[in-house]
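Enquirer: So here's target-v8.cif, just mmCIF, C-alpha atoms:
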data_my_file
loop_
_atom_site.group_PDB
_atom_site.id
_atom_site.type_symbol
_atom_site.label_atom_id
_atom_site.label_comp_id
_atom_site.auth_asym_id
_atom_site.auth_seq_id
_atom_site.Cartn_x
_atom_site.Cartn_y
_atom_site.Cartn_z
ATOM 1 C CA MET N 1 -42.554 89.509 -151.573
ATOM 2 C CA GLY N 2 -41.316 85.956 -151.872
ATOM 3 C CA ASN N 3 -37.870 85.313 -153.244
ATOM 4 C CA ASP N 4 -37.498 88.644 -155.040
ATOM 5 C CA ASP N 5 -34.613 89.693 -152.810
ATOM 6 C CA ALA N 6 -32.807 86.405 -153.536
ATOM 7 C CA TYR N 7 -33.251 86.936 -157.286
ATOM 8 C CA VAL N 8 -31.891 90.465 -157.048
ATOM 9 C CA SER N 9 -28.923 89.235 -154.997
ATOM 10 C CA LEU N 10 -28.203 86.579 -157.604
ATOM 11 C CA GLY N 11 -28.515 89.099 -160.453
ATOM 12 C CA LEU N 12 -26.088 91.453 -158.738
ATOM 13 C CA LYS N 13 -23.674 88.610 -158.034
ATOM 14 C CA VAL N 14 -23.595 87.659 -161.724
ATOM 15 C CA TRP N 15 -23.193 91.338 -162.733
ATOM 16 C CA LYS N 16 -20.232 91.744 -160.375
ATOM 17 C CA ALA N 17 -18.626 88.546 -161.670
ATOM 18 C CA GLN N 18 -18.884 89.774 -165.259
ATOM 19 C CA ILE N 19 -17.495 93.200 -164.332
ATOM 20 C CA GLU N 20 -14.553 91.494 -162.595
ATOM 21 C CA ARG N 21 -14.019 89.339 -165.677
ATOM 22 C CA ALA N 22 -14.043 92.449 -167.897
ATOM 23 C CA ASP N 23 -11.688 94.292 -165.523
ATOM 24 C CA LYS N 24 -9.251 91.402 -165.719
ATOM 25 C CA LEU N 25 -9.497 91.063 -169.487
ATOM 26 C CA PHE N 26 -9.365 94.718 -170.507
ATOM 27 C CA GLY N 27 -7.311 95.961 -167.562
ATOM 28 C CA GLY N 28 -4.368 93.762 -168.464
ATOM 29 C CA LEU N 29 -4.095 94.959 -172.053
ATOM 30 C CA THR N 30 -1.407 97.292 -173.342
ATOM 31 C CA SER N 31 -2.123 100.249 -175.602
ATOM 32 C CA GLU N 32 -1.008 98.128 -178.549
ATOM 33 C CA GLU N 33 -3.099 95.102 -177.586
ATOM 34 C CA VAL N 34 -6.349 97.095 -177.360
ATOM 35 C CA LEU N 35 -5.941 97.917 -181.038
ATOM 36 C CA ARG N 36 -6.233 94.244 -182.033
ATOM 37 C CA GLU N 37 -9.272 93.261 -184.045
ATOM 38 C CA ILE N 38 -11.382 90.446 -182.628
ATOM 39 C CA ALA N 39 -11.266 88.947 -186.127
ATOM 40 C CA PRO N 40 -9.999 90.285 -189.475
ATOM 41 C CA ALA N 41 -11.903 93.456 -190.436
ATOM 42 C CA ARG N 42 -13.920 93.371 -187.200
ATOM 43 C CA ASN N 43 -14.125 95.591 -184.118
ATOM 44 C CA ARG N 44 -11.014 96.301 -182.129
ATOM 45 C CA LEU N 45 -10.816 95.485 -178.439
ATOM 46 C CA LEU N 46 -10.701 99.222 -177.651
ATOM 47 C CA TYR N 47 -13.986 99.704 -179.494
ATOM 48 C CA LEU N 48 -15.677 96.886 -177.550
ATOM 49 C CA TRP N 49 -14.410 98.304 -174.259
ATOM 50 C CA GLY N 50 -15.554 101.806 -175.162
ATOM 51 C CA HIS N 51 -18.913 100.471 -176.347
ATOM 52 C CA LEU N 52 -19.488 98.650 -173.053
ATOM 53 C CA THR N 53 -18.491 101.799 -171.171
ATOM 54 C CA ALA N 54 -20.970 103.916 -173.144
ATOM 55 C CA ILE N 55 -23.814 101.441 -172.610
ATOM 56 C CA HIS N 56 -23.091 101.196 -168.878
ATOM 57 C CA ASP N 57 -22.973 104.991 -168.722
ATOM 58 C CA ALA N 58 -26.430 105.147 -170.331
ATOM 59 C CA THR N 59 -27.661 102.777 -167.620
ATOM 60 C CA LEU N 60 -27.104 105.382 -164.879
ATOM 61 C CA PRO N 61 -30.082 107.617 -165.780
ATOM 62 C CA LEU N 62 -32.116 104.622 -166.954
ATOM 63 C CA LEU N 63 -32.058 103.309 -163.384
ATOM 64 C CA GLY N 64 -32.421 106.772 -161.865
ATOM 65 C CA LEU N 65 -28.950 106.671 -160.286
ATOM 66 C CA SER N 66 -27.339 109.763 -161.803
ATOM 67 C CA GLU N 67 -26.784 111.680 -164.996
ATOM 68 C CA ARG N 68 -24.401 110.227 -167.546
ATOM 69 C CA LEU N 69 -20.697 110.725 -166.898
ATOM 70 C CA HIS N 70 -19.422 110.271 -170.476
ATOM 71 C CA PRO N 71 -22.173 110.915 -173.041
ATOM 72 C CA GLU N 72 -19.466 111.878 -175.538
ATOM 73 C CA PHE N 73 -18.594 108.174 -175.851
ATOM 74 C CA ASP N 74 -21.805 107.554 -177.827
ATOM 75 C CA VAL N 75 -20.452 109.131 -181.008
ATOM 76 C CA ALA N 76 -17.310 107.000 -181.020
ATOM 77 C CA PHE N 77 -18.676 103.748 -179.618
ATOM 78 C CA VAL N 78 -22.444 103.509 -180.189
ATOM 79 C CA SER N 79 -23.645 105.699 -183.066
ATOM 80 C CA ASN N 80 -20.784 104.834 -185.419
ATOM 81 C CA PRO N 81 -18.972 101.631 -186.311
ATOM 82 C CA ASP N 82 -15.358 101.052 -185.348
ATOM 83 C CA LYS N 83 -12.741 102.798 -187.507
ATOM 84 C CA SER N 84 -15.322 105.139 -189.051
ATOM 85 C CA ARG N 85 -14.009 108.115 -187.091
ATOM 86 C CA ALA N 86 -10.460 109.370 -186.814
ATOM 87 C CA GLY N 87 -10.532 110.691 -183.261
ATOM 88 C CA ILE N 88 -11.775 108.261 -180.659
ATOM 89 C CA PRO N 89 -10.938 108.233 -176.959
ATOM 90 C CA SER N 90 -7.553 106.784 -176.062
ATOM 91 C CA HIS N 91 -6.837 103.580 -174.184
ATOM 92 C CA GLU N 92 -6.301 105.561 -170.976
ATOM 93 C CA GLN N 93 -9.464 107.645 -171.474
ATOM 94 C CA VAL N 94 -11.532 104.485 -171.929
ATOM 95 C CA ARG N 95 -9.904 102.893 -168.863
ATOM 96 C CA GLN N 96 -10.690 105.934 -166.709
ATOM 97 C CA ALA N 97 -14.253 106.190 -168.011
ATOM 98 C CA TRP N 98 -14.826 102.432 -167.514
ATOM 99 C CA ASN N 99 -13.675 102.690 -163.904
ATOM 100 C CA SER N 100 -15.698 105.822 -163.116
ATOM 101 C CA VAL N 101 -18.909 104.580 -164.764
ATOM 102 C CA ASN N 102 -18.805 101.134 -163.191
ATOM 103 C CA GLY N 103 -17.845 102.631 -159.827
ATOM 104 C CA GLU N 104 -20.897 104.897 -160.013
ATOM 105 C CA LEU N 105 -23.107 101.939 -160.965
ATOM 106 C CA SER N 106 -21.738 99.892 -158.081
ATOM 107 C CA ARG N 107 -22.392 102.669 -155.573
ATOM 108 C CA GLY N 108 -25.895 103.133 -156.971
ATOM 109 C CA PHE N 109 -26.630 99.416 -156.797
ATOM 110 C CA GLU N 110 -25.560 99.368 -153.141
ATOM 111 C CA ARG N 111 -28.108 102.084 -152.337
ATOM 112 C CA MET N 112 -30.990 100.246 -154.008
ATOM 113 C CA SER N 113 -33.281 97.975 -152.045
ATOM 114 C CA TRP N 114 -34.642 94.854 -153.691
ATOM 115 C CA SER N 115 -37.998 96.613 -154.112
ATOM 116 C CA ASP N 116 -36.273 99.487 -155.963
ATOM 117 C CA TRP N 117 -35.278 96.942 -158.618
ATOM 118 C CA LEU N 118 -38.934 96.148 -159.270
ATOM 119 C CA GLN N 119 -39.787 99.771 -160.106
ATOM 120 C CA ARG N 120 -40.066 100.987 -163.675
ATOM 121 C CA HIS N 121 -36.973 102.272 -165.435
ATOM 122 C CA SER N 122 -36.934 105.717 -167.011
ATOM 123 C CA ALA N 123 -37.435 104.547 -170.612
ATOM 124 C CA VAL N 124 -40.895 103.119 -169.943
ATOM 125 C CA SER N 125 -43.980 105.222 -169.299
ATOM 126 C CA ALA N 126 -46.133 104.707 -166.226
ATOM 127 C CA GLU N 127 -48.959 103.535 -168.505
ATOM 128 C CA ASP N 128 -46.809 100.952 -170.257
ATOM 129 C CA PHE N 129 -45.344 99.789 -166.967
ATOM 130 C CA ALA N 130 -48.845 99.252 -165.595
ATOM 131 C CA LYS N 131 -49.488 96.934 -168.554
ATOM 132 C CA ASP N 132 -46.178 95.055 -168.162
ATOM 133 C CA THR N 133 -44.381 95.284 -164.819
ATOM 134 C CA SER N 134 -41.505 93.170 -166.145
ATOM 135 C CA ARG N 135 -40.229 96.362 -167.779
ATOM 136 C CA ASN N 136 -38.452 97.190 -164.544
ATOM 137 C CA ARG N 137 -34.964 98.084 -163.352
ATOM 138 C CA PHE N 138 -34.094 94.458 -162.663
ATOM 139 C CA ALA N 139 -34.784 93.630 -166.320
ATOM 140 C CA ILE N 140 -32.249 96.327 -167.245
ATOM 141 C CA LEU N 141 -29.655 94.727 -164.953
ATOM 142 C CA LEU N 142 -30.248 91.348 -166.595
ATOM 143 C CA SER N 143 -30.083 92.720 -170.144
ATOM 144 C CA ARG N 144 -26.913 94.721 -169.421
ATOM 145 C CA THR N 145 -25.307 91.652 -167.848
ATOM 146 C CA ASN N 146 -26.136 89.613 -170.953
ATOM 147 C CA HIS N 147 -24.806 92.387 -173.187
ATOM 148 C CA LEU N 148 -21.556 92.486 -171.228
ATOM 149 C CA SER N 149 -21.200 88.692 -171.379
ATOM 150 C CA TYR N 150 -21.792 88.680 -175.127
ATOM 151 C CA HIS N 151 -19.088 91.251 -175.828
ATOM 152 C CA LEU N 152 -16.654 89.615 -173.409
ATOM 153 C CA GLY N 153 -17.038 86.460 -175.472
ATOM 154 C CA GLN N 154 -16.120 88.461 -178.559
ATOM 155 C CA ALA N 155 -13.179 90.116 -176.800
ATOM 156 C CA VAL N 156 -11.677 86.749 -175.895
ATOM 157 C CA LEU N 157 -11.344 86.070 -179.636
ATOM 158 C CA GLY N 158 -9.090 89.130 -179.942
ATOM 159 C CA LEU N 159 -6.681 87.676 -177.425
ATOM 160 C CA LYS N 160 -6.019 84.499 -179.401
#
Step by step, read the file and then write its structure as structure tokens.

Expert:
Amino acid sequence: MGNDDAYVSLGLKVWKAQIERADKLFGGLTSEEVLREIAPARNRLLYLWGHLTAIHDATLPLLGLSERLHPEFDVAFVSNPDKSRAGIPSHEQVRQAWNSVNGELSRGFERMSWSDWLQRHSAVSAEDFAKDTSRNRFAILLSRTNHLSYHLGQAVLGLK
């Protein structure tokens, strides 16, 4: 199937690099530092980290890898803006969820062949996929990598 396996390898390499970048950035923060806003009256670093965790968690069933591990994160980090709720997961809870979700994704990615990446993801019907085969699992990997990169760019602002 041409260079499809090379494209998948490249996509996974970029994903892993962004995850490592996020691990380094967020993993080195103290409980006080994660409460910094990326700019005045903007999201806190903890919110960005939790948001990324929730989105990655939602990727597990989308790619057919497993059920979600932390669906409860949606209320705090996806459905509602930062600081709109009193009780959100702690720094340590987000760290543990980040590690478990991304570990599960990594293990799932290792089990997938390059042809698995070209299959439809669970949010697209078979009929719609037949009309547009680019709505595949690899497209999800690319969009999640871009999403991660975008928010890492924002998070860097909170460190300055």

Enquirer: Could you list, as an NGL selection string, every residue matched by the PyMOL selection byres ((chain N and resi 136) around 6) in this structure?

Expert: :N and (118-121 or 134-135 or 137-139)

Enquirer: Give me the residues near Ser149 in chain N as number ranges by chain, where near means some atom within 12 Å (using only C-alpha atoms) and where sequence neighbours in that chain fewer than 3 positions away do not count.

Expert: N: 14-22, 48, 52, 142-146, 152-156

Enquirer: For CA of Asn3 in chain N and CA of Leu141 in chain N, determine how far apart the two atoms are, in Å to one decimal place.

Expert: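 Answer for the CA of Asn3 in chain N to CA of Leu141 in chain N separation: 17.1 Å.
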
Enquirer: Convert the output of the PyMOL selection byres ((chain N and resi 91) around 9) on the shown file into explicit residues, formatted as a list in words.

Expert: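 This file gives the following for the PyMOL selection byres ((chain N and resi 91) around 9): Thr30, Ser31, Val34, Leu35, Leu46, Gly50, Pro89, Ser90, Glu92, Gln93, Val94, Arg95 and Gln96 of chain N.
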
Enquirer: Which residues come within 8 Å of Ser122 in chain N, counting all atoms listed in the file, excluding same-chain residues fewer than 2 positions away, as a PDB file with C-alpha atoms, keeping the file's coordinate frame?

Expert:
ATOM      1  CA  PRO N  61     -30.082 107.617-165.780  1.00  0.00           C
ATOM      2  CA  LEU N  62     -32.116 104.622-166.954  1.00  0.00           C
ATOM      3  CA  LEU N  63     -32.058 103.309-163.384  1.00  0.00           C
ATOM      4  CA  GLY N  64     -32.421 106.772-161.865  1.00  0.00           C
ATOM      5  CA  ARG N 120     -40.066 100.987-163.675  1.00  0.00           C
ATOM      6  CA  VAL N 124     -40.895 103.119-169.943  1.00  0.00           C
ATOM      7  CA  SER N 125     -43.980 105.222-169.299  1.00  0.00           C
TER       8      SER N 125
END

Enquirer: Find the distance between CA of Arg68 in chain N and CA of Asp5 in chain N and write it in Å to one decimal.

Expert: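 For CA of Arg68 in chain N relative to CA of Asp5 in chain N, the distance reads 27.3 Å.
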
Enquirer: Once the PyMOL selection byres ((chain N and resi 51) around 9) has been evaluated on this model, what residues remain selected, and can you format them as a CSV table (one decimal) with C-alpha atoms, in the coordinates of the input?

Expert:
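Output contents, as saved in out32.csv:
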chain,number,residue,atom,x,y,z
N,46,LEU,CA,-10.7,99.2,-177.7
N,47,TYR,CA,-14.0,99.7,-179.5
N,48,LEU,CA,-15.7,96.9,-177.6
N,49,TRP,CA,-14.4,98.3,-174.3
N,50,GLY,CA,-15.6,101.8,-175.2
N,52,LEU,CA,-19.5,98.6,-173.1
N,53,THR,CA,-18.5,101.8,-171.2
N,54,ALA,CA,-21.0,103.9,-173.1
N,55,ILE,CA,-23.8,101.4,-172.6
N,56,HIS,CA,-23.1,101.2,-168.9
N,73,PHE,CA,-18.6,108.2,-175.9
N,74,ASP,CA,-21.8,107.6,-177.8
N,76,ALA,CA,-17.3,107.0,-181.0
N,77,PHE,CA,-18.7,103.7,-179.6
N,78,VAL,CA,-22.4,103.5,-180.2

Enquirer: Please, what distance in Å, to one decimal, runs between CA of Met112 in chain N and CA of Lys131 in chain N?

Expert: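 So the two atoms, CA of Met112 in chain N and CA of Lys131 in chain N, lie 23.8 Å apart.
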
Enquirer: For range 138-149 of chain N, take all atoms listed in the file, fit an axis-aligned box around them, add 5 Å to each of the six sides, then output centre and edge lengths in Å rounded to one decimal, as JSON.

Expert:
{"center_x": -28.0, "center_y": 92.5, "center_z": -167.9, "size_x": 23.6, "size_y": 17.6, "size_z": 20.5}

Enquirer: Choose the residue, out of N:Ile38, N:Leu29, N:Val101, N:Ala86, that has the smallest atom-to-atom separation from Lys160 in chain N; count only C-alpha atoms.

Expert: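 Using only C-alpha atoms, Lys160 in chain N sits closest to N:Ile38.
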
Enquirer: Name the closest residue to Arg42 in chain N among the candidates N:Glu67, N:Asp82, N:Glu127, N:Asp132; distances are taken between atoms, counting all atoms listed in the file.

Expert: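 Ranking N:Glu67, N:Asp82, N:Glu127, N:Asp132 by distance to Arg42 in chain N, first place goes to N:Asp82.
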
Enquirer: Kindly indicate which residue among N:Glu104, N:Asp4, N:Glu33, N:Asp128 lies nearest to Asp116 in chain N, using all atoms listed in the file for the distances.

Expert: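 Closest candidate: N:Asp4.
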
Enquirer: So, counting only C-alpha atoms, which residue among N:Ala58, N:Ala123, N:Val75, N:Ile88 is closest to Leu105 in chain N?

Expert: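 When distances to Leu105 in chain N are compared using only C-alpha atoms, the smallest one comes from N:Ala58.
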
Enquirer: Rank N:Gly11, N:Asn43, N:Asp57, N:Pro81 by their smallest atom-to-atom distance to Asn99 in chain N, using all atoms listed in the file, and report the top residue only.

Expert: N:Asp57

Enquirer: Pick from N:Asp23, N:Ser9, N:Ser100, N:Ser115: nearest to Leu60 in chain N, with all atoms listed in the file counted?

Expert: N:Ser100
